[in-house]
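Each remark here refers to the structure printed beneath this line.
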Amino acid sequence: DLQELDWKITNEEKSLAQVRYRLSDKSSLLSAKKIIETIDSKLADTTPQRKQAELDVQKSEDRLQSIEEKLYNGSVNNPKELSALEDERVFLQAQRSDDGDQLLDLMVEIEELQTARNEAAADLDRIESQNDSEQPELLESLEVHKIQLNDLLQTRDKITPQILNTTLSLYESLRKNRKGNALARVVRGMCQECRVALPTMDLQKAKTSQSMVQCNSCSRILFVM
């Protein structure tokens, strides 16, 4: 009876620990917030880059417009100067194209980051909503497990005084060293914990004697049902 009670106590303690862990576990929430912080940091970094790229495009555009006006309004007649302006116009056209491509790539990156942030924010909302909905149920479960564990411990306190101190001491030692299983059921002459066949004398004692009989292999207290 004590062994079965201790199994129930152990299971109840595990259940209680799991509920407490779920109540205190904020890892998913923190992870979702961290993702948003990382994206926000990247978006912040792109702001000056975008402004500089837009400025570069505008500068190229303005300079190109100025040169084309000079080329086509007849204000410049010197062949060398015209040739130099034409060369600069070709260069600026290429420069404007490169600056435009850079700005376009940056805008695409910003759009992707914003989409990722929206998704991360939605995940955060979902996690917060889930936590809020689970909280009352977990708190109720916590109280139930506390009551059940307390009842089991009280029952144990009533049982243990009925057991000899030497027997109880052996039982507690075995339970500690045998992963919670101090007893072993005997079925068909075999210890069901270590799966070793019992000597005939030990088997007879386990069936008939009022004193304890321990398995020669695993030392657990044997009992026959």
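Here's how to read the names in the structure tokens: chain A, B, ... by the order shown, residue numbers from 1 in each chain, ligand numbers from 1 in the order shown.
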
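Those residues in range 7-213 of chain A carrying a DSSP assignment of strand (DSSP E or B), computed from the backbone, are Leu183, Ala184, Arg185, Val186, Val187, Met190, Cys191 and Ala197 of chain A.
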
Those residues with C-alpha atoms, as a PDB file, in the first residue's frame please?
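Written file, part.pdb:
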```pdb
ATOM      1  CA  LEU A 183       9.136  -3.602  -4.013  1.00  0.00           C
ATOM      2  CA  ALA A 184       9.059  -6.254  -6.703  1.00  0.00           C
ATOM      3  CA  ARG A 185       6.131  -8.436  -7.635  1.00  0.00           C
ATOM      4  CA  VAL A 186       6.786 -12.160  -7.950  1.00  0.00           C
ATOM      5  CA  VAL A 187       5.157 -13.827 -10.950  1.00  0.00           C
ATOM      6  CA  MET A 190      10.459 -14.596 -11.103  1.00  0.00           C
ATOM      7  CA  CYS A 191      11.230 -11.097  -9.793  1.00  0.00           C
ATOM      8  CA  ALA A 197      14.281 -16.467 -11.196  1.00  0.00           C
TER       9      ALA A 197
END
```

6 Å contact set for range 136-151 of chain A, only C-alpha atoms, chain neighbours under 2 positions out, as a short mmCIF file (atom, residue, chain, number, x, y, z; two decimals) with all heavy atoms, in the first residue's frame:
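So around28.cif came out as:
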```cif
data_model
loop_
_atom_site.label_atom_id
_atom_site.label_comp_id
_atom_site.auth_asym_id
_atom_site.auth_seq_id
_atom_site.Cartn_x
_atom_site.Cartn_y
_atom_site.Cartn_z
N GLU A 12 1.98 12.82 -8.75
CA GLU A 12 1.32 14.09 -8.43
C GLU A 12 2.35 15.22 -8.34
O GLU A 12 2.10 16.34 -8.79
CB GLU A 12 0.56 13.96 -7.11
CG GLU A 12 -0.58 14.93 -6.96
CD GLU A 12 -1.65 14.75 -8.01
OE1 GLU A 12 -2.06 13.61 -8.28
OE2 GLU A 12 -2.05 15.78 -8.59
N LEU A 16 2.41 18.50 -10.67
CA LEU A 16 2.44 19.82 -10.05
C LEU A 16 3.62 20.64 -10.59
O LEU A 16 3.48 21.83 -10.88
CB LEU A 16 2.54 19.67 -8.54
CG LEU A 16 2.35 20.94 -7.68
CD1 LEU A 16 0.98 21.55 -7.93
CD2 LEU A 16 2.52 20.61 -6.21
N GLU A 134 -4.90 30.27 -21.28
CA GLU A 134 -4.48 29.09 -20.52
C GLU A 134 -4.30 29.38 -19.03
O GLU A 134 -4.37 28.46 -18.21
CB GLU A 134 -3.16 28.54 -21.08
CG GLU A 134 -3.29 27.86 -22.43
CD GLU A 134 -1.96 27.33 -22.92
OE1 GLU A 134 -0.92 27.70 -22.32
OE2 GLU A 134 -1.95 26.55 -23.89
N LEU A 153 -0.19 12.88 0.97
CA LEU A 153 0.83 12.98 2.02
C LEU A 153 0.22 12.73 3.40
O LEU A 153 0.86 12.10 4.27
CB LEU A 153 1.48 14.37 1.98
CG LEU A 153 2.36 14.64 0.76
CD1 LEU A 153 2.83 16.09 0.74
CD2 LEU A 153 3.57 13.70 0.73
N GLN A 154 -0.99 13.19 3.61
CA GLN A 154 -1.66 12.93 4.89
C GLN A 154 -1.94 11.44 5.06
O GLN A 154 -1.78 10.89 6.16
CB GLN A 154 -2.97 13.72 4.96
CG GLN A 154 -2.77 15.21 5.15
CD GLN A 154 -4.08 15.97 5.28
OE1 GLN A 154 -5.15 15.38 5.22
NE2 GLN A 154 -4.00 17.28 5.47
#
```

Check your understanding: Hey, what does DSSP flag as helix (DSSP H, G or I) within range 34-207 of chain A? Can you give it to me as a ChimeraX atom specification?
Key -> /A:34-72,79-162,165-177,200-207

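The interatomic distance for the pair CA of Arg195 in chain A and CA of Glu172 in chain A works out to 22.0 Å.
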
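The coordinates place CA of Asp40 in chain A at 8.5 Å from CA of Leu113 in chain A.
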
With the cut-off set at 12 Å and counting only C-alpha atoms, tabulate each residue of range 57-110 of chain A with an atom at most that distance from an atom of range 114-127 of chain A, showing the nearest atom pair and its distance in Å to one decimal, ordered by chain and increasing number, as a tab-separated table.
```
residue	atom	partner	partner_atom	distance
A:Met107	CA	A:Gln114	CA	10.4
A:Val108	CA	A:Gln114	CA	9.9
A:Glu109	CA	A:Gln114	CA	8.6
A:Ile110	CA	A:Gln114	CA	6.1
```

Please produce a file of the residues just selected, as a short mmCIF file (atom, residue, chain, number, x, y, z; two decimals), in the first residue's frame, where the atoms kept are C-alpha atoms.
```
data_model
loop_
_atom_site.label_atom_id
_atom_site.label_comp_id
_atom_site.auth_asym_id
_atom_site.auth_seq_id
_atom_site.Cartn_x
_atom_site.Cartn_y
_atom_site.Cartn_z
CA MET A 107 13.25 49.12 -50.88
CA VAL A 108 12.70 45.41 -51.54
CA GLU A 109 14.69 44.56 -48.41
CA ILE A 110 12.65 47.03 -46.37
#
```
